[in-house]
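Reading through the structure tokens given below for one structure.
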Amino acid sequence: MAAVRAEHRAAGADHDWHERFIASIRTESWSEALTPVIERLSSGGRLELEDGLLLYHHPDLPELGRLAHLAKEARFDRRAFFNHNVHINPTNVCALACRFCAFRRSKRQDDAYAFSTEAYVEDLGRYADHVTEVHSVGGLHPDWDVSTYEAMFSAAKAAYPHVSIKALTAVEVKHLAQQSNLTVRETLKRLFDAGLDQLPGGGAEILDDEVRAIICNGKESSQEYLDIHATVHELGHVSNCTMLFGTVESLEQRVVHMLRLREVADATGGFQCFVPYPFLPDDTRLPEAQLATGAEVLRTIAVSRLMLDSIPHIKAYRMNVGDGLGELALRFGADDIDGTVHKESIMHLAGSTAPLDADRRRMARLIQDAGAEPYERNSDYTSFTRYVAPPMPKRRGLTMASE
Ligand code: SF4
């Protein structure tokens, strides 16, 4: 079924990670409450719904983190990844009005905007010398169709061929297909031919249509999200997948969400990274949301590392969880903290305070302080460079893990 290339399937992981993980589980002692999960994993089994729920309810968060960290280390040893990227959102005009979204505007609002091809390429040009990836998602502009993005991507590729284009969420692809009277497959083919490299995972929210009806009515169905990503993989490209948690979903719906993604990953091998991120409440319209605490963010990252054994990378999206939690998440199963992200709007409009000016040195510092080794990666995890940060100035009486 899948046409995803072999180097993407490997995606920076050690090939015999599963055996190593089993061996490391067996050398440690675990509390009785974890027994069903430990027995399943150490006999080479996979976790299912009841195991995911057990992990979510496990009272010993550090122990859960230790188990997830063993799974991460079995795959990547002490390596942790970041990249150098920029977010450019081509338009905030959107035909939908998801209840959690602080970014969208109607066409008539004063601060609505829509980039021309020239403006998009000019904006990218400000960062192109320093980045290897542009991440572009935006609203469902009622006047745009596939040709709008074909023009943007082909112009960007012609001007900056070294910059990988990761763009368009599944619902944007569906919107462009409808606007252009094309199938999703035809739309994707045209976009890939124009220079699109891969799809980000945004828009998965929770893959449960009852939850979607409450938080993002009108968006693609959960099956459509999965089908669009499977089509991306069948066309030989990779994508990421996400989970927006801390709105109105149950723990069971989160675990089912992971299992549905795992099913596609098993079939296609095309999901390279899972990005779980908590709902940020400021300025948005979902007062009944059950906001995730910091511990819950770490727990969700750990559970996803253990459930999603066919998705190699688990990202602690620092633009959303913040640098502090992002760093800690590297001890709870995450192996990636995303990029230097020179420019970002969506999470910041929703309340993120993560600094935008982080450079390689700062990223390396976050990773090293978590006891890991920083590796700068390219956009699709096929090339890695060990980054050796210059020594930090001595701090008074403080010795950090990395020093
Ligand atoms: S999340 Fe995306 S589709 Fe939903 S309102 Fe915001 S921009 Fe539009």
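Residue numbering restarts at 1 in every chain; chains get A, B, ... in the order shown in the structure tokens, and ligands count up from 1 in that same order.
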>> Neighbouring residues of region 29-33 of chain A were defined as those with any atom within 8 Å, considering only C-alpha atoms; residues of the same chain fewer than 5 positions away were excluded. Please report them as a PyMOL selection string.
In response: chain A and resi 38+58+63
Output of the above residues as a PDB file, in the first residue's frame, restricted to N, CA and C atoms:
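See part35.pdb below for the written result:
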ATOM      1  N   ILE A  38       3.657  -3.868  31.807  1.00  0.00           N
ATOM      2  CA  ILE A  38       5.034  -4.375  31.768  1.00  0.00           C
ATOM      3  C   ILE A  38       5.056  -5.785  31.167  1.00  0.00           C
ATOM      4  N   HIS A  58      -2.234   5.809  36.065  1.00  0.00           N
ATOM      5  CA  HIS A  58      -1.165   5.327  36.946  1.00  0.00           C
ATOM      6  C   HIS A  58      -0.741   6.455  37.895  1.00  0.00           C
ATOM      7  N   GLU A  63       7.400   7.191  37.444  1.00  0.00           N
ATOM      8  CA  GLU A  63       7.611   5.823  36.946  1.00  0.00           C
ATOM      9  C   GLU A  63       7.118   5.697  35.495  1.00  0.00           C
TER      10      GLU A  63
END
Selection within 8 Å of ligand 1 by only C-alpha atoms and all ligand atoms, output as a CSV table (one decimal) with N, CA and C atoms, in the first residue's frame:
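Final output, part32.csv:
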chain,number,residue,atom,x,y,z
A,92,ASN,N,-5.0,34.4,7.4
A,92,ASN,CA,-5.8,34.1,8.6
A,92,ASN,C,-7.3,34.2,8.3
A,93,VAL,N,-7.7,34.4,7.0
A,93,VAL,CA,-9.1,34.4,6.6
A,93,VAL,C,-9.6,33.0,6.6
A,94,CYS,N,-10.7,32.7,7.3
A,94,CYS,CA,-11.1,31.3,7.3
A,94,CYS,C,-12.6,31.2,7.2
A,95,ALA,N,-13.1,30.3,6.4
A,95,ALA,CA,-14.5,30.1,6.3
A,95,ALA,C,-15.1,29.3,7.5
A,96,LEU,N,-14.3,28.7,8.3
A,96,LEU,CA,-14.8,28.0,9.5
A,96,LEU,C,-14.6,28.9,10.7
A,97,ALA,N,-15.1,28.4,11.8
A,97,ALA,CA,-14.9,29.1,13.1
A,97,ALA,C,-14.7,28.1,14.2
A,98,CYS,N,-13.7,27.4,14.2
A,98,CYS,CA,-13.4,26.4,15.3
A,98,CYS,C,-13.4,27.1,16.6
A,99,ARG,N,-14.0,26.5,17.6
A,99,ARG,CA,-14.2,27.2,18.9
A,99,ARG,C,-12.9,27.4,19.6
A,100,PHE,N,-11.9,26.6,19.4
A,100,PHE,CA,-10.7,26.8,20.1
A,100,PHE,C,-9.7,27.8,19.4
A,101,CYS,N,-10.1,28.3,18.2
A,101,CYS,CA,-9.1,29.0,17.4
A,101,CYS,C,-9.1,30.5,17.6
A,102,ALA,N,-7.9,31.0,18.0
A,102,ALA,CA,-7.8,32.4,18.2
A,102,ALA,C,-7.2,33.1,17.0
A,103,PHE,N,-6.9,32.3,15.9
A,103,PHE,CA,-6.2,32.8,14.8
A,103,PHE,C,-7.1,33.3,13.7
A,104,ARG,N,-8.2,32.7,13.4
A,104,ARG,CA,-9.0,32.9,12.2
A,104,ARG,C,-9.6,34.3,12.3
A,138,GLY,N,-2.8,27.8,7.4
A,138,GLY,CA,-3.6,29.0,7.6
A,138,GLY,C,-5.1,28.7,7.5
A,139,GLY,N,-5.8,29.7,7.2
A,139,GLY,CA,-7.3,29.6,7.2
A,139,GLY,C,-7.7,29.0,5.8
A,140,LEU,N,-9.0,28.7,5.8
A,140,LEU,CA,-9.7,28.2,4.6
A,140,LEU,C,-10.2,29.4,3.8
A,171,VAL,N,-7.5,19.6,6.5
A,171,VAL,CA,-8.8,20.4,6.2
A,171,VAL,C,-8.5,21.4,5.1
A,172,GLU,N,-7.3,22.0,5.1
A,172,GLU,CA,-7.0,22.9,4.0
A,172,GLU,C,-6.9,22.2,2.7
A,203,GLY,N,-4.8,19.9,12.9
A,203,GLY,CA,-6.2,19.7,12.5
A,203,GLY,C,-6.7,18.3,13.0
A,216,CYS,N,-15.0,21.9,16.7
A,216,CYS,CA,-14.6,22.3,15.4
A,216,CYS,C,-15.6,21.9,14.3
A,219,LYS,N,-15.4,21.0,10.3
A,219,LYS,CA,-14.1,20.6,9.9
A,219,LYS,C,-14.2,19.2,9.3
> Quick one: residues within 9 Å of region 72-76 of chain A, only C-alpha atoms counted, chain neighbours fewer than 2 positions away excluded, as JSON, numbers by chain?
Replying inline: {"A": [12, 13, 14, 15, 16, 17, 18, 19, 20, 21, 22, 24, 67, 68, 69, 70, 78, 79, 80, 305, 306, 312, 313, 314, 330, 331, 332, 333, 334, 335]}
Set the distance at 10 Å and use only C-alpha atoms: which residues neighbour Ile165 (chain A) once local chain neighbours fewer than 3 positions away are removed? I'd like the list as a PDB file with C-alpha atoms, in the first residue's frame.
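Result file around16.pdb:
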ATOM      1  CA  THR A 132      15.815  24.376   6.333  1.00  0.00           C
ATOM      2  CA  GLU A 133      12.032  24.285   6.616  1.00  0.00           C
ATOM      3  CA  VAL A 134       9.051  26.569   6.189  1.00  0.00           C
ATOM      4  CA  HIS A 135       5.909  25.506   8.022  1.00  0.00           C
ATOM      5  CA  SER A 136       2.845  27.065   6.422  1.00  0.00           C
ATOM      6  CA  PHE A 153       5.096  26.744  -3.482  1.00  0.00           C
ATOM      7  CA  ALA A 156       9.268  29.540  -3.016  1.00  0.00           C
ATOM      8  CA  LYS A 157      11.000  26.398  -4.307  1.00  0.00           C
ATOM      9  CA  PRO A 161      15.327  25.165  -3.159  1.00  0.00           C
ATOM     10  CA  HIS A 162      17.078  24.177   0.093  1.00  0.00           C
ATOM     11  CA  LEU A 168      -1.404  22.633   4.564  1.00  0.00           C
ATOM     12  CA  PHE A 192       3.520  18.009  -4.535  1.00  0.00           C
ATOM     13  CA  GLY A 195       7.052  21.861  -4.531  1.00  0.00           C
ATOM     14  CA  LEU A 196       5.152  20.847  -1.418  1.00  0.00           C
ATOM     15  CA  ASP A 197       7.296  18.318   0.454  1.00  0.00           C
ATOM     16  CA  GLN A 198       5.199  17.080   3.332  1.00  0.00           C
ATOM     17  CA  LEU A 199       2.101  17.761   5.412  1.00  0.00           C
ATOM     18  CA  PRO A 200       2.106  18.910   9.027  1.00  0.00           C
ATOM     19  CA  SER A 379      12.718  18.577   7.916  1.00  0.00           C
TER      20      SER A 379
END
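For region 4-176 of chain A, backbone-based DSSP labels the following residues as strand (DSSP E): Arg79, Ala80, Phe81, Phe82, Asn83, Asn85, Val86, His87, Glu133, Val134, His135, Ser136, Ser164, Ile165, Lys166 and Ala167 of chain A.
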>> To test your reading of the structure, identify every residue in region 105-293 of chain A that backbone DSSP assigns to helix (DSSP H, G or I), and report it as a PyMOL selection string.
In response: chain A and resi 117-125+146-159+170-180+184-194+209-215+222-234+251-268
> What separation in Å, quoted to one decimal, exists between CA of Phe82 (chain A) and CA of Asp227 (chain A)?
Replying inline: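 Those two atoms sit 28.4 Å apart.
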>> Can you measure CA of Leu291 (chain A) to CA of Ile311 (chain A) for me? One decimal in Å is fine.
In response: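 Here the two named atoms are 26.0 Å from each other.
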> Do you know which residues are at most 8 Å from region 238-250 of chain A counting only C-alpha atoms, after dropping those on the same chain fewer than 6 positions away, and could you put them as a PyMOL selection string?
Replying inline: chain A and resi 4+8+198-206+211+215+229+232+257+261+270-279+286+288-292+380
Keeping C-alpha atoms for every residue in the selection just given, could you write it to a file as an mmCIF file, in the first residue's frame?
data_model
loop_
_atom_site.group_PDB
_atom_site.id
_atom_site.type_symbol
_atom_site.label_atom_id
_atom_site.label_comp_id
_atom_site.auth_asym_id
_atom_site.auth_seq_id
_atom_site.Cartn_x
_atom_site.Cartn_y
_atom_site.Cartn_z
ATOM 1 C CA VAL A 4 6.905 5.963 1.645
ATOM 2 C CA HIS A 8 11.649 7.786 5.971
ATOM 3 C CA GLN A 198 5.199 17.080 3.332
ATOM 4 C CA LEU A 199 2.101 17.761 5.412
ATOM 5 C CA PRO A 200 2.106 18.910 9.027
ATOM 6 C CA GLY A 201 -0.244 17.113 11.382
ATOM 7 C CA GLY A 202 -2.441 20.018 12.427
ATOM 8 C CA GLY A 203 -6.186 19.674 12.546
ATOM 9 C CA ALA A 204 -6.436 16.171 13.984
ATOM 10 C CA GLU A 205 -7.751 17.730 17.211
ATOM 11 C CA ILE A 206 -9.453 14.626 18.684
ATOM 12 C CA VAL A 211 -15.924 15.892 20.071
ATOM 13 C CA ILE A 215 -14.986 22.054 19.150
ATOM 14 C CA HIS A 229 -2.864 11.525 5.420
ATOM 15 C CA VAL A 232 -0.169 11.626 1.264
ATOM 16 C CA HIS A 257 -7.233 8.806 18.914
ATOM 17 C CA LEU A 261 -3.297 7.058 14.117
ATOM 18 C CA GLY A 270 4.205 7.514 6.619
ATOM 19 C CA PHE A 271 3.662 9.296 9.925
ATOM 20 C CA GLN A 272 7.061 10.494 11.005
ATOM 21 C CA CYS A 273 6.121 12.382 14.139
ATOM 22 C CA PHE A 274 3.273 12.668 16.643
ATOM 23 C CA VAL A 275 2.757 16.076 18.212
ATOM 24 C CA PRO A 276 0.425 16.180 21.221
ATOM 25 C CA TYR A 277 -0.356 19.704 22.368
ATOM 26 C CA PRO A 278 -2.638 21.070 25.050
ATOM 27 C CA PHE A 279 -5.377 23.578 24.357
ATOM 28 C CA LEU A 286 -14.254 27.273 24.801
ATOM 29 C CA GLU A 288 -16.012 24.483 29.260
ATOM 30 C CA ALA A 289 -12.556 23.172 28.326
ATOM 31 C CA GLN A 290 -10.863 20.996 30.920
ATOM 32 C CA LEU A 291 -7.410 22.458 30.621
ATOM 33 C CA ALA A 292 -4.440 20.144 30.896
ATOM 34 C CA ASP A 380 11.992 14.916 7.185
#
